[in-house]
Every structure is written in C-alpha cells, then in structure tokens.
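A.B. asks: Have a peek at query_38.tsv (TSV, C-alpha atoms).
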chain	number	residue	atom	x	y	z
A	1	MET	CA	70.66	98.67	138.95
A	2	ALA	CA	72.57	101.64	137.65
A	3	LYS	CA	76.08	100.64	136.75
A	4	THR	CA	79.00	102.92	137.51
A	5	ILE	CA	80.96	104.64	134.75
A	6	SER	CA	83.95	102.34	135.16
A	7	GLN	CA	81.68	99.29	134.88
A	8	GLU	CA	80.26	100.66	131.61
A	9	PHE	CA	83.82	101.09	130.39
A	10	LYS	CA	85.10	97.73	131.55
A	11	LYS	CA	82.27	95.63	130.15
A	12	GLY	CA	83.53	96.37	126.62
A	13	LEU	CA	86.91	94.91	127.47
A	14	TRP	CA	85.78	91.48	128.60
A	15	GLU	CA	82.11	90.74	129.29
A	16	GLU	CA	80.85	92.24	126.03
A	17	ILE	CA	84.06	92.43	123.97
A	18	PRO	CA	82.45	92.78	120.53
A	19	PRO	CA	83.82	90.14	118.14
A	20	PHE	CA	84.46	87.45	120.75
A	21	ARG	CA	81.47	87.69	123.06
A	22	LEU	CA	78.79	89.44	121.06
A	23	VAL	CA	80.17	87.96	117.79
A	24	LEU	CA	79.24	91.22	116.07
A	25	GLY	CA	80.95	93.21	113.35
A	26	LEU	CA	82.71	90.19	111.91
A	27	CYS	CA	83.16	91.52	108.37
A	28	PRO	CA	86.07	93.88	109.16
A	29	VAL	CA	87.31	91.51	111.87
A	30	LEU	CA	87.87	88.74	109.36
A	31	ALA	CA	88.90	90.86	106.40
A	32	VAL	CA	91.50	93.32	107.64
A	33	THR	CA	93.33	91.40	110.36
A	34	THR	CA	96.08	90.09	108.11
A	35	THR	CA	98.61	92.14	110.07
A	36	LEU	CA	98.78	93.67	113.53
A	37	GLU	CA	99.08	97.17	112.08
A	38	ASN	CA	95.95	96.81	109.91
A	39	GLY	CA	93.97	95.33	112.80
A	40	VAL	CA	94.87	98.09	115.23
A	41	GLY	CA	94.37	100.79	112.57
A	42	MET	CA	90.90	99.49	111.80
A	43	GLY	CA	90.15	99.20	115.53
A	44	LEU	CA	91.18	102.78	116.23
A	45	ALA	CA	89.14	104.12	113.30
A	46	THR	CA	86.11	102.23	114.59
A	47	THR	CA	86.72	103.44	118.14
A	48	PHE	CA	86.78	107.05	116.97
A	49	VAL	CA	83.49	106.60	115.14
A	50	LEU	CA	81.94	104.74	118.10
A	51	VAL	CA	82.88	107.38	120.67
A	52	CYS	CA	81.84	110.35	118.50
A	53	ALA	CA	78.59	108.71	117.39
A	54	ASN	CA	77.72	107.68	120.96
A	55	LEU	CA	78.42	111.20	122.20
A	56	LEU	CA	76.27	112.90	119.56
A	57	VAL	CA	73.44	110.38	119.73
A	58	SER	CA	73.35	110.78	123.50
A	59	ILE	CA	73.29	114.59	123.25
A	60	LEU	CA	70.50	114.52	120.67
A	61	ARG	CA	68.55	111.62	122.21
A	62	ASN	CA	65.67	113.85	123.35
A	63	VAL	CA	65.54	115.84	120.10
A	64	ILE	CA	65.41	112.98	117.61
A	65	PRO	CA	61.83	111.77	117.02
A	66	PRO	CA	61.72	108.02	117.82
A	67	LYS	CA	60.15	107.10	114.48
A	68	ILE	CA	63.12	108.33	112.45
A	69	ARG	CA	65.86	107.53	114.94
A	70	VAL	CA	67.62	104.99	112.71
A	71	PRO	CA	68.06	107.34	109.70
A	72	CYS	CA	69.32	110.01	112.12
A	73	PHE	CA	71.84	107.61	113.67
A	74	ILE	CA	73.02	106.58	110.21
A	75	ILE	CA	73.59	110.21	109.18
A	76	ILE	CA	75.61	110.82	112.35
A	77	ILE	CA	77.65	107.64	111.95
A	78	ALA	CA	78.22	108.16	108.21
A	79	THR	CA	79.48	111.69	108.85
A	80	PHE	CA	82.12	110.49	111.29
A	81	VAL	CA	83.13	107.62	109.01
A	82	ILE	CA	83.76	109.97	106.08
A	83	LEU	CA	85.65	112.23	108.48
A	84	VAL	CA	87.89	109.31	109.45
A	85	GLU	CA	88.35	108.37	105.80
A	86	LEU	CA	89.43	111.88	104.80
A	87	LEU	CA	91.77	112.24	107.78
A	88	MET	CA	93.29	108.85	107.12
A	89	GLN	CA	93.89	109.73	103.47
A	90	ALA	CA	95.54	112.96	104.51
A	91	PHE	CA	97.72	111.67	107.34
A	92	ALA	CA	98.09	107.88	107.01
A	93	TYR	CA	97.73	107.10	103.32
A	94	GLY	CA	99.64	103.82	103.58
A	95	LEU	CA	97.16	102.49	106.11
A	96	PHE	CA	94.30	103.77	103.99
A	97	LEU	CA	95.59	101.77	101.01
A	98	ASN	CA	95.66	98.61	103.16
A	99	LEU	CA	92.22	99.03	104.70
A	100	GLY	CA	90.62	100.33	101.50
A	101	ILE	CA	86.91	99.58	101.19
A	102	PHE	CA	86.61	98.56	104.85
A	103	ILE	CA	86.83	102.15	106.10
A	104	PRO	CA	83.59	103.28	104.39
A	105	LEU	CA	82.05	100.00	105.53
A	106	ILE	CA	82.35	101.07	109.18
A	107	VAL	CA	79.01	102.82	108.51
A	108	VAL	CA	77.27	99.46	108.40
A	109	ASN	CA	79.31	97.89	111.19
A	110	CYS	CA	76.58	96.62	113.48
A	111	VAL	CA	78.68	97.28	116.57
A	112	VAL	CA	78.50	101.03	115.93
A	113	LEU	CA	74.79	101.20	115.14
A	114	GLY	CA	74.15	98.67	117.90
A	115	ARG	CA	75.73	100.84	120.57
A	116	ALA	CA	73.93	103.96	119.31
A	117	GLU	CA	70.58	102.20	119.33
A	118	ALA	CA	70.91	100.02	122.40
A	119	PHE	CA	72.91	102.29	124.67
A	120	ALA	CA	73.55	105.91	123.69
A	121	SER	CA	69.94	106.67	122.74
A	122	LYS	CA	68.80	105.71	126.25
A	123	ASN	CA	71.64	106.94	128.46
A	124	LYS	CA	73.26	110.17	129.59
A	125	ILE	CA	76.35	111.60	127.91
A	126	VAL	CA	79.10	110.39	130.26
A	127	PRO	CA	78.01	106.73	130.45
A	128	SER	CA	77.58	106.76	126.65
A	129	LEU	CA	81.13	108.02	126.22
A	130	ALA	CA	82.44	105.35	128.60
A	131	ASP	CA	80.45	102.70	126.74
A	132	GLY	CA	81.74	103.80	123.34
A	133	LEU	CA	85.32	103.98	124.55
A	134	GLY	CA	85.15	100.60	126.29
A	135	ILE	CA	83.58	98.78	123.35
A	136	GLY	CA	85.94	100.56	120.95
A	137	ILE	CA	89.05	99.61	122.88
A	138	GLY	CA	87.74	96.06	123.24
A	139	PHE	CA	87.21	95.95	119.48
A	140	THR	CA	90.73	97.31	118.86
A	141	LEU	CA	92.24	94.75	121.24
A	142	SER	CA	90.40	91.87	119.57
A	143	LEU	CA	91.51	92.99	116.10
A	144	GLY	CA	95.04	93.50	117.40
A	145	VAL	CA	95.24	90.01	118.93
A	146	LEU	CA	93.77	88.42	115.82
A	147	GLY	CA	96.06	90.48	113.57
A	148	ALA	CA	99.16	89.60	115.60
A	149	LEU	CA	98.26	85.91	115.59
A	150	ARG	CA	97.64	85.80	111.85
A	151	GLU	CA	100.63	87.96	110.95
A	152	SER	CA	103.07	85.99	113.09
A	153	LEU	CA	101.93	82.58	111.82
A	154	GLY	CA	101.08	83.58	108.26
A	155	SER	CA	103.99	85.86	107.41
A	156	GLY	CA	106.38	85.16	110.29
A	157	THR	CA	106.52	88.85	111.24
A	158	ILE	CA	105.15	91.27	113.82
A	159	LEU	CA	104.79	94.85	112.54
A	160	GLY	CA	106.99	93.83	109.61
A	161	ASN	CA	109.86	92.52	111.80
A	162	PRO	CA	110.69	88.81	111.51
A	163	VAL	CA	110.00	87.00	114.79
A	164	PHE	CA	110.84	83.38	114.15
A	165	GLY	CA	114.26	83.61	112.52
A	166	PRO	CA	115.24	82.94	108.89
A	167	ASN	CA	114.29	79.25	108.81
A	168	PHE	CA	110.60	79.85	109.52
A	169	GLN	CA	108.34	78.68	106.73
A	170	PRO	CA	105.30	81.02	106.70
A	171	PHE	CA	101.99	79.28	107.23
A	172	GLU	CA	100.32	81.25	104.42
A	173	PHE	CA	96.91	79.77	105.05
A	174	MET	CA	96.59	82.05	108.09
A	175	VAL	CA	96.70	85.31	106.13
A	176	GLN	CA	94.08	84.11	103.66
A	177	ALA	CA	90.35	84.36	104.26
A	178	PRO	CA	89.76	80.79	105.54
A	179	GLY	CA	92.61	81.24	108.02
A	180	ALA	CA	90.71	84.20	109.47
A	181	PHE	CA	87.77	81.97	110.34
A	182	VAL	CA	90.02	79.35	111.88
A	183	ALA	CA	91.93	81.92	113.96
A	184	LEU	CA	88.70	83.56	115.11
A	185	GLY	CA	87.20	80.18	116.00
A	186	LEU	CA	90.24	79.22	118.07
A	187	LEU	CA	90.19	82.55	119.90
A	188	LEU	CA	86.45	82.20	120.60
A	189	CYS	CA	87.14	78.74	121.98
A	190	ILE	CA	89.91	80.02	124.28
A	191	MET	CA	87.67	82.90	125.42
A	192	ASN	CA	84.88	80.47	126.26
A	193	ILE	CA	87.18	78.14	128.22
A	194	LEU	CA	88.62	81.10	130.15
A	195	GLY	CA	85.18	82.60	130.75
A	196	LYS	CA	83.64	79.36	132.03
A	197	LYS	CA	85.51	78.79	135.29
B	1	MET	CA	50.84	116.57	110.85
B	2	ARG	CA	52.95	118.39	113.44
B	3	GLU	CA	54.89	115.24	114.12
B	4	MET	CA	55.51	114.84	110.40
B	5	ILE	CA	56.93	118.35	110.11
B	6	LYS	CA	59.12	117.80	113.12
B	7	MET	CA	60.59	114.65	111.57
B	8	VAL	CA	61.27	116.36	108.24
B	9	VAL	CA	62.87	119.36	109.93
B	10	THR	CA	65.07	117.24	112.22
B	11	LEU	CA	66.39	115.12	109.37
B	12	THR	CA	66.95	118.14	107.14
B	13	ILE	CA	68.90	120.03	109.77
B	14	LEU	CA	70.96	116.99	110.67
B	15	ALA	CA	71.81	116.25	107.03
B	16	ALA	CA	72.64	119.90	106.29
B	17	VAL	CA	74.97	120.19	109.29
B	18	ALA	CA	76.66	116.90	108.37
B	19	GLY	CA	77.07	117.98	104.74
B	20	GLY	CA	78.46	121.37	105.72
B	21	LEU	CA	80.94	119.90	108.17
B	22	LEU	CA	82.18	117.33	105.67
B	23	SER	CA	82.68	119.83	102.87
B	24	VAL	CA	84.81	121.98	105.20
B	25	VAL	CA	86.97	118.96	106.10
B	26	LYS	CA	87.14	117.86	102.46
B	27	ILE	CA	88.38	121.27	101.33
B	28	SER	CA	90.89	121.62	104.13
B	29	THR	CA	92.41	118.16	103.62
B	30	ALA	CA	92.42	118.24	99.79
B	31	GLU	CA	95.96	119.52	99.51
B	32	ARG	CA	97.42	116.99	101.94
B	33	ILE	CA	95.55	114.14	100.23
B	34	ASP	CA	96.95	115.17	96.82
B	35	GLN	CA	100.40	115.17	98.35
B	36	ALA	CA	99.85	111.73	99.89
B	37	VAL	CA	98.58	110.28	96.60
B	38	LEU	CA	101.66	111.67	94.87
B	39	GLU	CA	103.90	110.09	97.47
B	40	PHE	CA	102.26	106.68	97.76
B	41	VAL	CA	100.74	106.04	94.32
B	42	GLN	CA	102.96	107.84	91.81
B	43	GLY	CA	106.07	108.16	93.98
B	44	PRO	CA	107.26	104.53	93.92
B	45	ALA	CA	106.82	104.32	90.12
B	46	ILE	CA	108.72	107.57	89.55
B	47	ILE	CA	111.56	106.51	91.83
B	48	SER	CA	111.88	103.13	90.09
B	49	ILE	CA	112.05	104.86	86.69
B	50	MET	CA	114.52	107.53	87.72
B	51	GLU	CA	117.11	105.58	89.65
B	52	ASP	CA	120.22	107.64	88.99
B	53	VAL	CA	118.84	111.17	89.21
B	54	SER	CA	120.50	113.76	91.43
B	55	ASN	CA	117.30	115.61	92.42
B	56	ASP	CA	113.91	114.73	93.89
B	57	PRO	CA	111.51	114.32	90.94
B	58	LEU	CA	108.51	114.59	93.27
B	59	GLU	CA	109.64	118.11	94.19
B	60	ASP	CA	110.71	119.21	90.70
B	61	ARG	CA	107.48	118.98	88.81
B	62	PHE	CA	105.36	121.14	86.54
B	63	ALA	CA	101.86	120.90	85.17
B	64	ILE	CA	100.56	121.35	81.62
B	65	GLU	CA	96.90	121.69	80.84
B	66	ILE	CA	95.94	119.02	78.33
B	67	ASN	CA	92.31	118.58	77.26
B	68	GLU	CA	91.22	120.86	80.11
B	69	GLU	CA	92.98	118.64	82.62
B	70	GLU	CA	96.10	119.45	84.60
B	71	LYS	CA	98.74	116.82	84.00
B	72	ASN	CA	101.79	116.55	86.23
B	73	PHE	CA	105.24	116.10	84.74
B	74	PHE	CA	108.12	115.05	86.96
B	75	VAL	CA	111.63	116.17	86.07
B	76	GLY	CA	114.76	114.10	86.66
B	77	LYS	CA	118.24	115.58	86.57
B	78	LEU	CA	121.30	113.59	85.48
B	79	ASN	CA	124.43	115.11	87.05
B	80	GLY	CA	122.52	118.35	87.68
B	81	VAL	CA	121.22	118.65	84.10
B	82	PRO	CA	117.44	118.20	83.72
B	83	ARG	CA	117.07	115.47	81.13
B	84	LEU	CA	114.34	113.03	82.12
B	85	VAL	CA	110.62	113.62	82.31
B	86	ALA	CA	107.99	111.23	83.66
B	87	PHE	CA	104.22	111.47	83.34
B	88	GLU	CA	101.21	109.23	83.74
B	89	GLU	CA	98.98	107.81	81.04
B	90	GLY	CA	96.19	105.32	81.32
B	91	ALA	CA	94.46	102.56	79.42
B	92	SER	CA	91.74	100.06	80.15
B	93	GLY	CA	93.14	96.81	81.56
B	94	TYR	CA	91.54	93.44	82.23
B	95	GLY	CA	90.03	94.45	85.57
B	96	GLY	CA	89.59	98.19	85.09
B	97	PRO	CA	91.61	101.34	84.57
B	98	LEU	CA	95.36	100.93	84.51
B	99	GLY	CA	97.79	103.78	85.20
B	100	VAL	CA	101.29	103.73	83.74
B	101	MET	CA	104.08	106.17	84.56
B	102	VAL	CA	106.32	106.64	81.55
B	103	GLY	CA	109.81	108.12	81.78
B	104	VAL	CA	111.35	109.73	78.68
B	105	ASP	CA	114.82	111.09	77.95
B	106	ILE	CA	114.14	114.47	76.29
B	107	GLU	CA	117.36	114.47	74.28
B	108	THR	CA	116.88	111.14	72.55
B	109	ASP	CA	113.08	110.79	73.04
B	110	ASN	CA	113.73	107.23	74.20
B	111	ILE	CA	111.83	105.56	77.01
B	112	VAL	CA	114.00	105.26	80.14
B	113	GLY	CA	111.54	103.19	82.11
B	114	ILE	CA	107.91	102.52	82.94
B	115	GLY	CA	106.10	101.81	86.19
B	116	ILE	CA	102.54	100.80	87.04
B	117	THR	CA	100.83	103.29	89.37
B	118	THR	CA	97.28	102.01	89.77
B	119	HIS	CA	95.61	98.85	88.56
B	120	SER	CA	92.88	96.39	89.44
B	121	GLU	CA	94.19	93.37	87.53
B	122	THR	CA	93.77	89.81	88.75
B	123	PRO	CA	96.16	89.20	91.67
B	124	GLY	CA	98.97	86.85	90.67
B	125	VAL	CA	98.12	87.03	86.96
B	126	GLY	CA	97.69	90.53	85.51
B	127	SER	CA	99.09	92.11	88.65
B	128	ARG	CA	102.51	90.76	87.64
B	129	ALA	CA	102.72	93.66	85.17
B	130	ALA	CA	103.56	95.82	88.18
B	131	THR	CA	106.51	93.63	89.23
B	132	ASP	CA	107.71	91.78	86.10
B	133	ILE	CA	111.15	93.29	85.45
B	134	ARG	CA	111.62	91.53	82.09
B	135	PHE	CA	108.33	92.97	80.82
B	136	GLN	CA	109.03	96.49	82.10
B	137	LYS	CA	112.62	96.52	80.85
B	138	SER	CA	111.50	95.60	77.34
B	139	PHE	CA	110.15	99.15	76.93
B	140	VAL	CA	113.48	100.74	77.75
B	141	GLY	CA	115.40	102.32	74.87
B	142	ILE	CA	112.50	102.36	72.41
B	143	PRO	CA	111.61	105.84	71.08
B	144	VAL	CA	108.39	106.82	72.89
B	145	THR	CA	106.84	107.91	69.59
B	146	ASP	CA	107.59	104.61	67.83
B	147	ASP	CA	104.05	103.32	67.48
B	148	GLY	CA	105.03	100.08	65.73
B	149	ARG	CA	107.62	98.87	68.22
B	150	ILE	CA	105.60	99.59	71.38
B	151	ARG	CA	103.46	96.54	70.81
B	152	LEU	CA	103.68	92.97	72.07
B	153	GLY	CA	105.78	90.43	70.19
B	154	GLU	CA	102.52	88.84	68.97
B	155	ASP	CA	101.51	92.16	67.45
B	156	ASP	CA	104.86	92.49	65.63
B	157	GLY	CA	106.35	94.79	68.25
B	158	ASP	CA	109.27	94.63	70.65
B	159	ILE	CA	107.52	94.25	74.02
B	160	ALA	CA	107.86	91.02	76.00
B	161	ASN	CA	104.55	89.39	76.90
B	162	ILE	CA	103.54	88.38	80.42
B	163	GLY	CA	102.58	84.70	80.35
B	164	GLY	CA	98.82	84.32	80.81
B	165	ALA	CA	98.20	88.06	81.03
B	166	THR	CA	98.22	89.21	77.41
B	167	ILE	CA	95.30	91.62	77.91
B	168	THR	CA	97.09	93.39	80.74
B	169	ALA	CA	100.40	93.52	78.85
B	170	ARG	CA	98.61	94.89	75.79
B	171	ALA	CA	96.88	97.54	77.92
B	172	VAL	CA	100.21	98.70	79.34
B	173	ALA	CA	101.60	98.98	75.80
B	174	THR	CA	98.51	100.95	74.76
B	175	ALA	CA	99.02	103.36	77.68
B	176	VAL	CA	102.66	103.85	76.68
B	177	ARG	CA	101.68	104.50	73.05
B	178	ARG	CA	99.18	107.10	74.27
B	179	ALA	CA	101.97	108.65	76.30
B	180	GLY	CA	103.97	108.81	73.06
B	181	VAL	CA	101.16	110.68	71.28
B	182	LEU	CA	100.80	113.08	74.18
B	183	TYR	CA	104.57	113.62	74.28
B	184	GLN	CA	104.75	114.33	70.56
B	185	GLU	CA	101.86	116.80	70.64
B	186	ASN	CA	103.29	118.78	73.54
B	187	GLN	CA	106.97	118.26	72.83
B	188	THR	CA	108.01	121.92	72.62
B	189	GLU	CA	106.22	122.91	75.80
B	190	ILE	CA	107.55	119.90	77.72
B	191	LYS	CA	111.13	120.52	76.61
B	192	THR	CA	111.02	124.23	77.46
B	193	LYS	CA	109.57	123.56	80.87
B	194	VAL	CA	112.06	120.79	81.64
B	195	ALA	CA	114.95	123.01	80.56
B	196	ALA	CA	113.69	125.70	82.94
B	197	PHE	CA	114.72	123.45	85.84
B	198	SER	CA	118.43	123.87	85.11
B	199	ASN	CA	119.94	126.32	87.53
Go ahead and express the file in the form of structure tokens.
C.D. replies:
Amino acid sequence: MAKTISQEFKKGLWEEIPPFRLVLGLCPVLAVTTTLENGVGMGLATTFVLVCANLLVSILRNVIPPKIRVPCFIIIIATFVILVELLMQAFAYGLFLNLGIFIPLIVVNCVVLGRAEAFASKNKIVPSLADGLGIGIGFTLSLGVLGALRESLGSGTILGNPVFGPNFQPFEFMVQAPGAFVALGLLLCIMNILGKK
Amino acid sequence: MREMIKMVVTLTILAAVAGGLLSVVKISTAERIDQAVLEFVQGPAIISIMEDVSNDPLEDRFAIEINEEEKNFFVGKLNGVPRLVAFEEGASGYGGPLGVMVGVDIETDNIVGIGITTHSETPGVGSRAATDIRFQKSFVGIPVTDDGRIRLGEDDGDIANIGGATITARAVATAVRRAGVLYQENQTEIKTKVAAFSN
C-alpha cells in the first residue's frame, strides 16, 4: 500500500509525468517552449514552486481547516510564485523577459494546486517533498524535450547554437502556436507507444 | 461559531505572513531589479545610440528630478570629453505606452540617435519602429528642440515614415519632441551635470 520515497519521486518522471501522462498544465507547456532555454527555465521555476508549496502544505495540513483549504493553498502557492518572479527579475532578467506573463500564471497551473490538494494535504513531509521534486523534474524534462524539439526544427538552433549547418531552412511553423500542439501531440503519441508494450 | 473564528484567524495569519515575507524580498531585491532593467531594457538602446563613446554610459549617469520624478541621464564621452547625453521619454503608441531613448549632442543640441526601449506595438508592423534603421536614422542631425522638423513627412517634417505603421512612427516622433521640450527646460542643469563628468 504505502509507496516508498523513491517510488513517490520516480512516478513523476514517467508514470505520472505531468504534461504527457496527466495532460495537465498545458498552458505554459504550449506557450513558452519555443526554445530549450525557455522550457527549462519555466520548468525550474515551476519545480521550485511545487516543492516549496508541497512542503508548506504538508507541514500545515493539520492546521488548515478543511473548508478553507483551497484559499490557503492559493495563498501559499501565490507567495512562492511572486518570490520566483522577484528573484528571476533580479538575477535572470533576460529569462524573465522571455517568459513574461507565464511566470505569474504558475499560480493557476493546475499541476501545482493539484499536487497540493491531492498529495501534500494528505501525506507526511518527506513523501510530499519527493512528490513535488519528482513531478517538478518530470515537468522540467517534458518542457525541455518539447523546447529542444521546437527550437531545433523551428529555428535550427539548440541554446542559440546552429545545429543543422548553414543550409538548413527553419521550419518556422514549429515555433508558432499551432506547431506547439503538433509537437505535443507527436510526443504524446510516442509516449503512448512506448508505454504500451 | 468557533469553527468560523478559526477559519478567519488561519487565513489572516497566513496572508499576513505571506505579505510580510514578500515585502522583505521586494525591498531587498529592488536595487538589483533596477540594475537589471537598466541593463536589459535601456542598455541596448543606449549602446546603439552611443556607438563611438570611450566610456560606459550605463555607469556614468546622473539623475534630475523633473515633475517629482527622478529621471536618469546617461553621459557619453567622445575621446574622453563628455559630450553626449541620452534620456528616455515616452508617448502613447498604437498598442500602449512607448519608450524612446533620445541621444543629444550638448554642444550642437542635435540628435545623435534614438532607440526604442519598451513598446507593445503589433509584432511585424509597429514593432518595426524598434529595428527600422532608415526610420531611426532620419532623426539624426535634427536639433532636438526643432518642433517642426521632428514630424513625419506627411506632417511636413523630416522623419521617414514606417510603411503601414504611421501611428507608431508618429508616436515615436511625439516622444522625441517631448524629449526636446524637456531638454530645453532643463538645459543649464543638464549641461552642468554632463560637464562634471570630465576628469
């Protein structure tokens, strides 16, 4: 019944990897993954919020009255999101300019609230941390893969370095919004084929 | 009733702690954020205006209080002599506020260059104001106080239009004219403070 800590951690990386398996939190997934750097930056910001929110929700789970648990979770999550926003402005302004509105929108990312509600509010501190970290890293990986795919096909670069040589004609469709849906769909398809066995 | 009080108290405490924590972080990061904005938003425009300067205009700056607001002026030195000054003015563009950095030669009062700092113009249309060299170069050499010439060709001025983005081009010209007014009103103070950078 009770899963071990490493199982809680690992489930976020494959079994319940957020955008691909749970198909949750798609707004930032589709919007910011035009480059690998943006995808990973967004993933790390979300991971930070997930881990901190899970930790605090788990600590306070017996103090928060059940009837107002959602407003309490939102306050906790919003606090960490603004923290990330301020820190990013101070130390990584270039990334902040790229991610823009999607940083404040982490507040309403259903992955974050979902983990607080479904996991951290019912489990002890250490499993909640492992859960947050696992899901967060899974989220970062997914955004990274999607970002790398779209950047390499759409702009012909990885982290700003050309990868296909000077004759490559960028497939610009991939860095536009419809390309995001196509790339995500293809990845979901691959994940399903691999997961089937 | 007891349950009610408990809920109110929990939420209040939580919100108060969150608010307190955030204000501490906000205050302690304010200086670094200002620095980052300077570097990433105003920096590129200043550097494009002051290509041949021998100093770092982002370092050599001073502030003048205008209409109860601190305005930054960036000083550029030509061969070690402080001669150029750049500052930001704004106007309302097609999609919202538009920020324009204007560089002026303090000896001739001529514009040495302009650069767009912030804008929310339509991508691919109005946004070309930020990259259109022909448009930006058409400001160069005009006296910053020459109200009549800092207008689009259509408005009997000397500024090149941006095809399909007249509103944006006009807004940039308006911002530059405002910069001219501001420069004229504070001319003595600006010139003294720029001269103070010679050493």
A.B. asks: Which residues of chain A are close to chain B, meaning at most 10 Å apart when you count all atoms listed in the file, and how do they look as a ChimeraX atom specification?
C.D. replies: /A:63-69,71-73,75-80,82-83,86-94,97
A.B. asks: In terms of the shortest atom-to-atom distance over all atoms listed in the file, which of A:Ser142, A:Asn38, A:Ser6, A:Asn62 is closest to A:Ile103?
C.D. replies: A:Asn38
A.B. asks: Using all atoms listed in the file, which residue out of A:Gly144, A:Phe164, A:Val112, A:Gly154 lies closest to A:Phe48?
C.D. replies: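 Checking each candidate against A:Phe48, we get A:Val112 as the closest.
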A.B. asks: Which distance in Å separates atom CA of A:Ser58 and atom CA of A:Gly41, to one decimal?
C.D. replies: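 Those two atoms sit 25.7 Å apart.
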A.B. asks: Tell me, in Å to one decimal, how far atom CA of A:Gln7 is from atom CA of A:Lys124.
C.D. replies: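 Interatomic distance here is 14.7 Å.
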A.B. asks: Residues within 10 Å of B:Val140, please, as a PyMOL selection string. Count all atoms listed in the file; anything in the same chain fewer than 2 positions from it doesn't count.
C.D. replies: chain B and resi 49+103-104+110-114+135-138+142-144+159
A.B. asks: Work out how far apart atom CA of B:Arg149 and atom CA of B:Pro44 are and give it in Å to one decimal.
C.D. replies: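 For atom CA of B:Arg149 relative to atom CA of B:Pro44, the distance reads 26.3 Å.
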A.B. asks: Which residues come within 8 Å of A:Lys122, counting only C-alpha atoms, excluding same-chain residues fewer than 4 positions away, as a PyMOL selection string?
C.D. replies: chain A and resi 58+61+117-118
A.B. asks: Calculated over only C-alpha atoms, which of the candidates A:Thr35, A:Thr46, A:Thr4, A:Asn54 has the smallest distance to A:Phe119?
C.D. replies: A:Asn54
A.B. asks: Using all atoms listed in the file, find the one residue out of A:Ser121, A:Asn161, A:Thr33, A:Ser155 that sits nearest to A:Ala53.
C.D. replies: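 Under the stated criterion, the closest residue is A:Ser121.
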A.B. asks: Please provide as number ranges by chain all residues within 8 Å of stretch 81-95 of chain B, with the sequence filter that same-chain residues fewer than 5 positions apart are discarded (counting only C-alpha atoms).
C.D. replies: B: 46, 50, 71-76, 100-107, 119-122, 126, 167-168, 171-172, 174-176, 178-179, 194-195, 197-198
A.B. asks: Restricting the calculation to only C-alpha atoms: of A:Thr34, A:Asn192, A:Ser128, A:Gln176, which residue gets closest to A:Asn98?
C.D. replies: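 With only C-alpha atoms as the atom set, the closest residue is A:Thr34.
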A.B. asks: Compile the contact shell of A:Gly132 as a list in words: residues with an atom at most 7 Å away, counting only C-alpha atoms, same-chain residues fewer than 2 positions apart removed.
C.D. replies: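 Once the adjacent positions are removed, what remains is Leu50, Val51, Asn54, Ser128, Leu129, Ala130, Gly134, Ile135 and Gly136 of chain A.
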A.B. asks: Take every atom of stretch 135-142 of chain B listed in the file, pad by 3 Å on each side, and give me the axis-aligned box centre and edge lengths in Å, one decimal, as AutoDock Vina command-line options.
C.D. replies:
--center_x 111.9 --center_y 97.7 --center_z 77.3 --size_x 13.1 --size_y 15.4 --size_z 15.7
A.B. asks: Choose the residue, out of A:Val49, A:Leu95, A:Gly114, A:Leu44, that has the smallest atom-to-atom separation from A:Leu22; count all atoms listed in the file.
C.D. replies: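 The answer is A:Gly114, which sits nearest to A:Leu22.
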